[in-house]
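Remarks on the structure that follows.
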Amino acid sequence: MKKITISPPVAAVLLAVVLFVFSGFLPNSFGTDMSAAAGQAVNIIRLSVFLGIIAAGQTLVIISGSEGIDLSAGAVVTLSATLTWTIVHGRNEMVLPALVAVMLVGAVIGFINGSGIIFLKISPFVMTLSMSGVITGIIIITNHGNSQGMLAPIMTSIIARPVIFGIPGAIIIWVFFAALMWLILERTPFGKRLFAIGVNRTTAKLSGVDVTWMVLSTYALAGALAAFGGFMVVGNTGVVFLSLGTPFLFPSIAAVAVGGTLLSGGKGSYFGSMAGALVLILITSLLTTMQMSDSIRQMVLGATLLVLISIYGRQKGFRQ
Amino acid sequence: MTLSLSAQNIVKRYGGVLALSDGNLDVNPGEVVALIGANGSGKSTLSKVINGVVVLDGGQLLLDGSPVHFASPNAAKKLGISTVFQELSLVPQMTVAENIWLAREPLRSNGFVDSKEIKLRTEELLSLFEGTFKASMNFDIPVASLPPDEMQIIEILKAVSFKPQLLILDEATASLDSRQVQRLFELVAKWKDEGKAIVFVSHRMEEIFQIADKYSVLRNGKTVGSGIMKDITDKELVNLMVGADSIFGYSRAEHQDRNNPARPVRLVVENLKTDVIKGINLTVREGELLGIGGLKGQGQRDLLRSLFGDIPHEGKFILNDKIVNYTHPRHAIKDGVALVPGDRSREGLLSIRSILENLMLPSWTNYGFPLQMRRSRQDGNQISGSLNLKMAGLEEPVSSLSGGNAQKVVIGKWLLKKPRLLLLDDPTKGVDVGTKAEFYRLLQQICSGGTSIIFYSSDDEELIGLCDRVLVMFEGGIRSELEGSSLTKSNLISASMGASNGSKE
Amino acid sequence: MKLKRFQYLSLRYPSFIAFVFFILALLVNLYFQKSLLEPGTINNNMRVFLPLILLTTGEAVVILTGGIDISVGAIVSIVSALLATQVGLNGTPDKVATWFVVALLVGIIAGCINGFFVAYLRLPPFITTYATSFLYGGFALFILPQPGGGIPASVANVYRAINPLGLHWAFYVIPLLLLIWFLIRQTRYGRYLFAVGGKPQAAYETAVPVDLVIFSTYVVSGFMAAVTGICIVLLTGTGNPSIGDPMTLQAITAVVIGGTAMSGGVGGIAGPIMGAITLGVIKNIISFANVDTWWQTFVNAIIIVAALAAPGVISLFRRNRP
């Protein structure tokens with residue numbers, strides 16, 4: 001097999017650029033108008049923020065290896081959006097408490113995921129997928145299909161509106177978020193241990209890593225980050241419904257894969273997932289501009305992930 | 001139909017490591033050829049090339065005089081070559097009969113498996129080893145419920161069921177008890193009479209002299225001598241294996257009496273019990289290099305792992321006058337205990353991560369928050385330098401290193417923690433001779449610095465050459481304690497086999 | 001290593017736990033629904049349970065060899081959409097027959113795609129079939145964007161109303177499946193399945209055609225998913241492009257509570273079939289126990305989690321015993 005010499009996140013960014021330029025030449029697009037192009041670029045990036053943040057937790061659990069994945073992320077997003085909406089209820093001073101509360105709830109859900117995975121030896125896919133059903137059930141119980149709530153004005157102004165130089169607050173938040181993710185992954189013992197358990201849990205244990213604690217805290221952190229994603233999403237759109245989080249789930253996994261994080265674990269970066277989010281949003285918006293239906297969009301996303309794992313995800317054969 | 005095989009100038013590389021540079025072997029019908037070599041000499045690789053599991057990179061294989069190329073292990077089997085390996089190719093969840101006949105089950109005319117025939121043939125095979133099974137052996141029980149020696153016998157029967165003309169026994173006697181070994185040799189004699197050709201890969205001198213007609217010695221990937229067993233002595237064979245100037249010459253002479261009662265005791269183990277260990281007591285002093293010997297699988301690994309807190313155990317440990325009980329390696333590490341594990345790629349290294357990350361894994365908490373990478377790189381370079389680690393750079397993945405250098409990373413990882421007690425599980429397995437010599441010097445240095453070392457090795461020469469004292473383990477207990485004048489090869493070997501003469505008084 | 005008696009038993013008789021769950025569920029159901037054991041109710045129940053039973057059988061074969069197929073639900077959806085649109089409420093019997101065959105082919109092709117990626121490109125099964133589940137699901141939506149269409153009532157009634165010899169078709173299908181499985185176990189192929197699931201490396205060294213075996217399991221699950229799709233269309237009479245969505249997790253749960261370890265090498269289809277029926281019985285329990293509508297999703301989900309957790313909890317207890 002040919003060796004890929006460009007690092008995957010860079011390849012993803014290049015792909016994003018190519019897609020963006022291509023989209024410019026479709027009818028009704030920006031063509032060669034530079035300022036329109038810049039505006040569109042900012043818009044694309046802004047749209048990517050939410051997927052990017054939701055993909056953060058996904059990045060962590062995938063790096064942790066042993067087929068780590070979080071299929072409950074979509075449901076956590078919906079739950080956290082609903083809770084934010086209800087707790088805030090239009091009052092600015094409740095924004096911060098709401099954020100803390102939903103992240104805590106997300107962490108608890110993640111902790112439960114991690115417990116099932118590490119103590120009961122349920123595979124991550126099965127555990128998180130079934131938890132997603134439980135969470136959805138809880139959402140239905142608590143709001144009986146419709147919820148009462150309202151955003152606080154401060155949320156809209158920070159997240160949705162431009163803050164500095166016409167750049168929406170969401171993008172600035174994302175930049176800080178990305179810095180934080182980089183710090184966690186590359187400059188803390190936690191991050192180093194996370195990569196270690198992703199590569200080889202036996203070696204990690206024999207090198208003093210408490211694998212159980214690492215798995216629990218990774219999934220808990222992933223849950224909290226997904227909850228943060230839900231907070232941001234509702235802050236952006238101001239509406240809440242049962243399948244709010246669902247459209248983010250599959251793309252969050254695809255974004256991680258596009259970004260070059262090995263699905264077997266032990267190698268990857270958040271920058272890759274960010275680039276992956278950009279690529280996926282571009283694909284989605286391209287398809288929308290070309291007026292393709294939802295079904296085509298879904299098929300293209302599925303095929304994209306398939307192509308990507310064919311490039312990045314092959315495993316060793318039996319013969320040497 | 002008989003077979004003769006000739007392997008000529010075989011070359012084989014694994015990634016960056018040259019396992020064989022000039023491997024040769026000739027075997028004719030009706031004879032047993034012993035393929036001999038120290039650990040890492042390439043003997044297992046050569047036997048894997050001969051039976052098609054591994055593809056050769058150079059040289060050629062001749063079957064009955066004509067060149068042959070195996071597309072798969074199955075191709076070799078079809079041509080009449082069958083192998084018994086040490087690492088089993090059995091499916092644990094399936095029964096004895098299912099395993100033996102997998103993919104070759106006799107079929108009835110309607111295409112279904114003929115269970116009656118299978119039962120018959122399996123029982124026929126099992127009768128070859130009748131009387132050597134401990135519990136009730138049955139064609140129908142899951143292989144997973146058998147003890148390791150009986151699993152090995154099933155593996156042998158599986159190879160024999162192919163009715164091969166060339167049978168390769170690759171360390172096949174390692175897990176067998178003496179009765180089973182004798183029965184196997186009786187069968188080998190019978191097969192010789194039937195004209196079969198047999199390759200016997202082993203490091204057990206007595207067995208080699210008992211059963212082999214010819215020998216072929218490998219050293220560092222090259223065949224260095226071959227001939228008729230009658231014409232050679234065991235000393236000469238050992239010389240061929242190790243090389244004229246044994247690297248052990250120097251270290252014994254420089255031993256000081258490290259088991260000097262004046263030195264403080266570092267570790268006391270009282271009545272240690274695990275699944276495999278039946279009750280062990282031992283003492284280690286500061287700066288002592290204690291060896292653990294004995295045949296594989298007698299509990300040596302369990303001893304090291306329970307000291308490190310990796311497996312559940314009973315018993316009392318006293319480390320530097322403090323009673324300790326580790327339930328997880330991280331507790332042991334905090335107390336200054338370190339373990340270099342037996343399987344370096346599966347237990348000691350993170351293959352796709354960088355050399356730096358591998359070195360630093362237990363130590364990151366010492367580098368602050370956020371991690372001070374520059375200081376960690378300095379420390380990394382320093383330890384690599386002192387270990388003479390040949391690498392392209394700290395950021396390179398550890399998978400780019402050769403066996404000996406990779407092992408240095410594992411050791412370096414622990415040296416950075418400055419342990420008080422260093423445990424080593426067969427650390428020089430698969431390491432080239434030059435690096436081995438460096439290790440021995442390194443271990444001596446570490447001892448001089450006050451660290452106590454407990455060192456398990458499957459290589460008897462190494463134990464004798466390096467250690468002050470050797471505890472020989474047998475069937476989960478300590479059979480003998482050999483020291484000073486009683487630390488000889490024959491005492492070691494007889495203690496490994498269960499006899500107990502030669503112990504220190 | 002000496003196996004403890006419990007481990008030995010679970011190797012030889014993996015469907016034992018499934019049997020226990022099954023009996024338990026039946027008893028609870030009987031408590032809430034006195035008419036459970038009447039012939040009419042039994043036939044009604046089995047009619048509804050059969051689709052999941054079929055799907056579970058295919059999934060069981062994949063999981064037995066150590067893989068997993070998350071796209072089965074989507075394949076069911078494709079078949080549902082296909083039949084509902086191509087046959088239509090006014091289709092002729094010819095059309096019905098033709099499109100049933102096409103549906104089976106679709107399932108086989110979908111399985112071949114999955115099998116190609118997993119067996120020959122050596123991609124990890126769960127992420128691969130997760131990706132194809134999206135691909136296939138999108139395709140189902142493409143064929144039929146909204147629930148609708150259908151098949152002629154006369155055809156559907158064969159499934160819904162007719163009970164040959166007083167027993168619903170299910171009572172003939174299930175023994176047929178068990179018989180086929182029994183026969184497969186008497187062939188080399190059957191042993192290949194267990195070998196590949198138990199220890200693929202050992203199987204490879206023993207000249208088992210591992211790649212081909214793995215490929216075939218995905219074709220089987222694709223085929224069974226198509227059969228399930230046909231069955232569901234017969235049951236409901238209409239088409240629904242999302243009908244398969246919840247079925248994937250249900251099928252996997254049924255396999256797990258049926259005693260087939262996700263690691264492979266142990267199991268069969270009897271246990272999973274019992275597991276599928278058990279899940280159906282549980283749904284009955286929830287409705288007959290008058291669980292509040294708003295709570296139903298939650299309760300169902302919790303039960304699935306509990307069922308999946310059970311093997312782990314049991315082995316946890318076993319490990320802590322002296």
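Residues in the structure tokens are named by chain (A, B, ... in the order shown) and by number from 1 within that chain; ligands are numbered from 1 in the order shown.
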Taking only C-alpha atoms into account, produce a table as a tab-separated table in which each residue of chain C with an atom at most 8 Å from an atom of chain A appears once, together with its shortest atom pair and the distance in Å to one decimal, ordered by chain and rising number.
residue	atom	partner	partner_atom	distance
C:Phe117	CA	A:Ser310	CA	7.8
C:Leu121	CA	A:Arg314	CA	6.5
C:Arg122	CA	A:Gln315	CA	5.5
C:Leu123	CA	A:Arg314	CA	5.1
C:Pro124	CA	A:Gly313	CA	7.4
C:Phe126	CA	A:Phe125	CA	7.9
C:Thr128	CA	A:Leu306	CA	6.4
C:Ala131	CA	A:Gly302	CA	4.8
C:Thr132	CA	A:Gly302	CA	5.9
C:Ser133	CA	A:Gly302	CA	7.4
C:Phe134	CA	A:Gly302	CA	4.8
C:Leu135	CA	A:Met299	CA	4.2
C:Tyr136	CA	A:Met299	CA	7.0
C:Gly137	CA	A:Met299	CA	7.4
C:Gly138	CA	A:Ser295	CA	4.4
C:Phe139	CA	A:Ser295	CA	6.4
C:Ala140	CA	A:Ser295	CA	7.8
C:Leu141	CA	A:Ser295	CA	5.2
C:Phe142	CA	A:Ser295	CA	5.1
C:Pro145	CA	A:Ser295	CA	7.7
C:Gln201	CA	A:Phe318	CA	6.7
C:Tyr204	CA	A:Phe318	CA	7.2
C:Leu249	CA	A:Ser130	CA	7.6
C:Trp294	CA	A:Ile141	CA	5.3
C:Trp295	CA	A:Ile141	CA	5.8
C:Gln296	CA	A:Gly137	CA	7.5
C:Thr297	CA	A:Gly137	CA	4.8
C:Phe298	CA	A:Gly137	CA	3.8
C:Val299	CA	A:Gly137	CA	7.5
C:Ala301	CA	A:Val134	CA	5.0
C:Ile302	CA	A:Val134	CA	6.0
C:Ile304	CA	A:Ser130	CA	6.9
C:Val305	CA	A:Ser130	CA	6.0
C:Leu308	CA	A:Ile122	CA	7.2
C:Ala309	CA	A:Leu120	CA	6.2
C:Pro311	CA	A:Leu120	CA	7.7
C:Gly312	CA	A:Leu120	CA	4.2
C:Val313	CA	A:Leu120	CA	5.9
C:Leu316	CA	A:Leu120	CA	7.3
Given a cut-off of 9 Å, which residues of chain B touch chain C, counting only C-alpha atoms, written out as a JSON list (two decimals) with C-alpha atoms, in the first residue's frame?
[["chain", "number", "residue", "atom", "x", "y", "z"],
["B", 53, "VAL", "CA", 4.51, -19.88, 7.93],
["B", 72, "SER", "CA", 1.11, -20.74, 2.57],
["B", 73, "PRO", "CA", 1.59, -23.00, 5.57],
["B", 74, "ASN", "CA", -1.01, -25.22, 3.99],
["B", 88, "LEU", "CA", -0.24, -23.43, 20.09],
["B", 89, "SER", "CA", -2.45, -23.31, 17.06],
["B", 90, "LEU", "CA", -5.44, -24.66, 18.90],
["B", 91, "VAL", "CA", -8.87, -23.06, 19.25],
["B", 92, "PRO", "CA", -9.55, -23.10, 23.01],
["B", 93, "GLN", "CA", -13.32, -23.30, 22.76],
["B", 94, "MET", "CA", -13.32, -26.33, 20.48],
["B", 98, "GLU", "CA", -12.47, -30.74, 16.51],
["B", 99, "ASN", "CA", -9.06, -29.14, 16.86],
["B", 102, "LEU", "CA", -10.10, -28.84, 11.75],
["B", 103, "ALA", "CA", -10.37, -28.20, 8.02],
["B", 104, "ARG", "CA", -9.66, -31.86, 7.26],
["B", 105, "GLU", "CA", -12.59, -33.56, 8.87],
["B", 107, "LEU", "CA", -16.63, -36.53, 5.36],
["B", 111, "GLY", "CA", -20.85, -34.05, 2.52],
["B", 112, "PHE", "CA", -21.48, -34.01, 6.24],
["B", 113, "VAL", "CA", -18.79, -34.55, 8.81],
["B", 114, "ASP", "CA", -18.29, -38.18, 9.79],
["B", 115, "SER", "CA", -18.35, -37.98, 13.59],
["B", 142, "PRO", "CA", -12.77, -28.50, 25.15],
["B", 144, "ALA", "CA", -9.37, -24.92, 27.13],
["B", 145, "SER", "CA", -9.93, -27.28, 30.04],
["B", 146, "LEU", "CA", -6.61, -29.10, 29.51],
["B", 147, "PRO", "CA", -3.36, -28.33, 31.35],
["B", 148, "PRO", "CA", -0.53, -26.89, 29.18]]
**Request:** Up to 9 Å from chain A, what residues of chain B turn up? Count only C-alpha atoms and give them as a ChimeraX atom specification.
**Result:** /B:14,53-55,72,308,310,328-334,338-341,344-353,357-358,361-365,367-373,413-414
**Message:** For range 153-167 of chain A, find every residue with an atom within 12 Å (counting only C-alpha atoms), except residues of its own chain fewer than 3 positions away, and show them as a ChimeraX atom specification.
**Reply:** /A:38-47,49-50,84-85,88-96,98-99,150,170-175,229,231-239
For the residues in the current selection, export N, CA and C atoms as a compact mmCIF listing (two decimals), in the first residue's frame.
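Dumped to part-v6.txt:
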# COMPACT_ATOMS: atom_id res chain seq x y z
N ALA A 38 -15.15 35.27 1.49
CA ALA A 38 -14.74 35.36 2.90
C ALA A 38 -15.94 35.19 3.80
N GLY A 39 -17.03 35.86 3.43
CA GLY A 39 -18.24 35.74 4.23
C GLY A 39 -18.72 34.29 4.30
N GLN A 40 -18.67 33.63 3.14
CA GLN A 40 -19.11 32.24 3.11
C GLN A 40 -18.19 31.37 3.95
N ALA A 41 -16.89 31.65 3.87
CA ALA A 41 -15.92 30.86 4.64
C ALA A 41 -16.22 30.98 6.13
N VAL A 42 -16.45 32.23 6.56
CA VAL A 42 -16.75 32.43 7.98
C VAL A 42 -18.01 31.66 8.36
N ASN A 43 -18.98 31.69 7.45
CA ASN A 43 -20.22 30.99 7.74
C ASN A 43 -20.00 29.48 7.89
N ILE A 44 -19.19 28.94 6.97
CA ILE A 44 -18.89 27.50 7.03
C ILE A 44 -18.20 27.18 8.35
N ILE A 45 -17.23 28.00 8.71
CA ILE A 45 -16.51 27.73 9.95
C ILE A 45 -17.46 27.81 11.15
N ARG A 46 -18.33 28.82 11.09
CA ARG A 46 -19.28 28.97 12.20
C ARG A 46 -20.16 27.72 12.32
N LEU A 47 -20.62 27.21 11.17
CA LEU A 47 -21.45 26.02 11.21
C LEU A 47 -20.66 24.83 11.75
N VAL A 49 -18.43 24.83 14.02
CA VAL A 49 -18.10 24.90 15.45
C VAL A 49 -18.85 23.84 16.24
N PHE A 50 -20.14 23.71 15.95
CA PHE A 50 -20.96 22.86 16.80
C PHE A 50 -20.61 21.39 16.59
N THR A 84 -30.66 23.03 29.37
CA THR A 84 -30.22 24.43 29.34
C THR A 84 -31.42 25.34 29.16
N TRP A 85 -32.19 25.04 28.18
CA TRP A 85 -33.39 25.77 27.82
C TRP A 85 -34.30 25.93 29.03
N VAL A 88 -32.33 27.89 32.11
CA VAL A 88 -32.06 29.30 31.85
C VAL A 88 -33.35 30.12 31.84
N HIS A 89 -34.31 29.65 31.08
CA HIS A 89 -35.63 30.27 31.04
C HIS A 89 -35.57 31.78 30.85
N GLY A 90 -34.65 32.18 29.98
CA GLY A 90 -34.62 33.60 29.65
C GLY A 90 -33.80 34.46 30.59
N ARG A 91 -33.26 33.85 31.64
CA ARG A 91 -32.56 34.72 32.61
C ARG A 91 -31.06 34.62 32.43
N ASN A 92 -30.43 35.75 32.26
CA ASN A 92 -28.99 35.78 32.04
C ASN A 92 -28.20 35.15 33.17
N GLU A 93 -28.64 35.40 34.39
CA GLU A 93 -27.82 34.93 35.52
C GLU A 93 -27.84 33.42 35.67
N MET A 94 -28.78 32.75 34.97
CA MET A 94 -28.84 31.29 35.08
C MET A 94 -27.99 30.60 34.02
N VAL A 95 -27.36 31.40 33.17
CA VAL A 95 -26.61 30.77 32.08
C VAL A 95 -25.45 29.92 32.60
N LEU A 96 -24.65 30.53 33.46
CA LEU A 96 -23.49 29.78 33.96
C LEU A 96 -23.90 28.54 34.77
N ALA A 98 -26.54 26.87 34.44
CA ALA A 98 -27.07 25.88 33.51
C ALA A 98 -25.93 25.13 32.84
N LEU A 99 -24.90 25.87 32.44
CA LEU A 99 -23.76 25.24 31.79
C LEU A 99 -23.11 24.20 32.72
N MET A 150 -36.54 28.97 27.37
CA MET A 150 -36.18 30.11 26.57
C MET A 150 -34.71 30.39 26.77
N ALA A 170 -19.12 32.24 18.43
CA ALA A 170 -18.96 30.78 18.45
C ALA A 170 -17.57 30.38 17.99
N ILE A 171 -17.09 31.05 16.95
CA ILE A 171 -15.77 30.70 16.42
C ILE A 171 -14.68 30.99 17.44
N ILE A 172 -14.81 32.11 18.13
CA ILE A 172 -13.81 32.45 19.14
C ILE A 172 -13.84 31.44 20.27
N ILE A 173 -15.04 31.06 20.64
CA ILE A 173 -15.15 30.04 21.69
C ILE A 173 -14.46 28.76 21.22
N TRP A 174 -14.66 28.42 19.96
CA TRP A 174 -14.06 27.21 19.43
C TRP A 174 -12.53 27.26 19.49
N VAL A 175 -11.98 28.44 19.18
CA VAL A 175 -10.53 28.56 19.21
C VAL A 175 -10.00 28.30 20.62
N GLY A 229 -21.46 20.79 23.98
CA GLY A 229 -21.89 20.93 22.60
C GLY A 229 -23.38 21.23 22.52
N PHE A 231 -25.20 22.66 24.77
CA PHE A 231 -25.36 24.03 25.26
C PHE A 231 -25.12 25.02 24.12
N MET A 232 -24.07 24.81 23.38
CA MET A 232 -23.73 25.70 22.28
C MET A 232 -24.79 25.62 21.18
N VAL A 233 -25.24 24.42 20.90
CA VAL A 233 -26.23 24.26 19.80
C VAL A 233 -27.51 25.03 20.12
N VAL A 234 -28.00 24.85 21.35
CA VAL A 234 -29.24 25.54 21.67
C VAL A 234 -29.02 27.04 21.75
N GLY A 235 -27.79 27.42 22.16
CA GLY A 235 -27.46 28.84 22.18
C GLY A 235 -27.47 29.43 20.78
N ASN A 236 -27.19 28.61 19.81
CA ASN A 236 -27.12 29.09 18.43
C ASN A 236 -28.48 29.15 17.76
N THR A 237 -29.26 28.07 17.95
CA THR A 237 -30.51 27.99 17.21
C THR A 237 -31.72 28.40 18.02
N GLY A 238 -31.64 28.27 19.33
CA GLY A 238 -32.76 28.68 20.17
C GLY A 238 -33.97 27.78 20.11
N VAL A 239 -33.86 26.62 19.48
CA VAL A 239 -34.99 25.69 19.49
C VAL A 239 -34.56 24.34 20.04
**Message:** Could you list, as a ChimeraX atom specification, every residue within 10 Å of Phe271 in chain A, counting only C-alpha atoms and ignoring same-chain residues fewer than 4 positions away?
**Reply:** /A:8-10,12-13,52,56,178-179,181-182,256,259-261,275-277
**Message:** Taking only range 27-107 of chain C into account, list the residues labelled helix (DSSP H, G or I) by DSSP (computed from the backbone), as number ranges by chain.
**Reply:** C: 27-32, 34-37, 39-64, 72-86, 93-107
**Prompt:** Can you tell me, as a VMD selection string, what residues are no more than 8 Å from range 94-100 of chain C when counting only C-alpha atoms, ignoring any on the same chain fewer than 4 positions away?
**Reply:** chain C and resid 83 86 to 87 104 151 230
**Message:** Can you pull out the residues contacting Gly412 in chain B? Cut-off 7 Å, using only C-alpha atoms, and skip same-chain residues under 4 positions away; I want them as a PyMOL selection string.
**Reply:** chain B and resi 359+383+408+416
Just the selected residues (C-alpha atoms), exported as a PDB file, in the first residue's frame, please.
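Saved file again-v9.pdb follows:
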ATOM      1  CA  LEU B 359      10.562   6.396  28.228  1.00  0.00           C
ATOM      2  CA  ILE B 383      19.164   8.175  29.560  1.00  0.00           C
ATOM      3  CA  LYS B 408      16.889  -0.586  26.152  1.00  0.00           C
ATOM      4  CA  LEU B 416      14.468   7.028  35.101  1.00  0.00           C
TER       5      LEU B 416
END
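The interatomic distance for the pair CA of Arg285 in chain B and CA of Ser452 in chain B works out to 6.6 Å.
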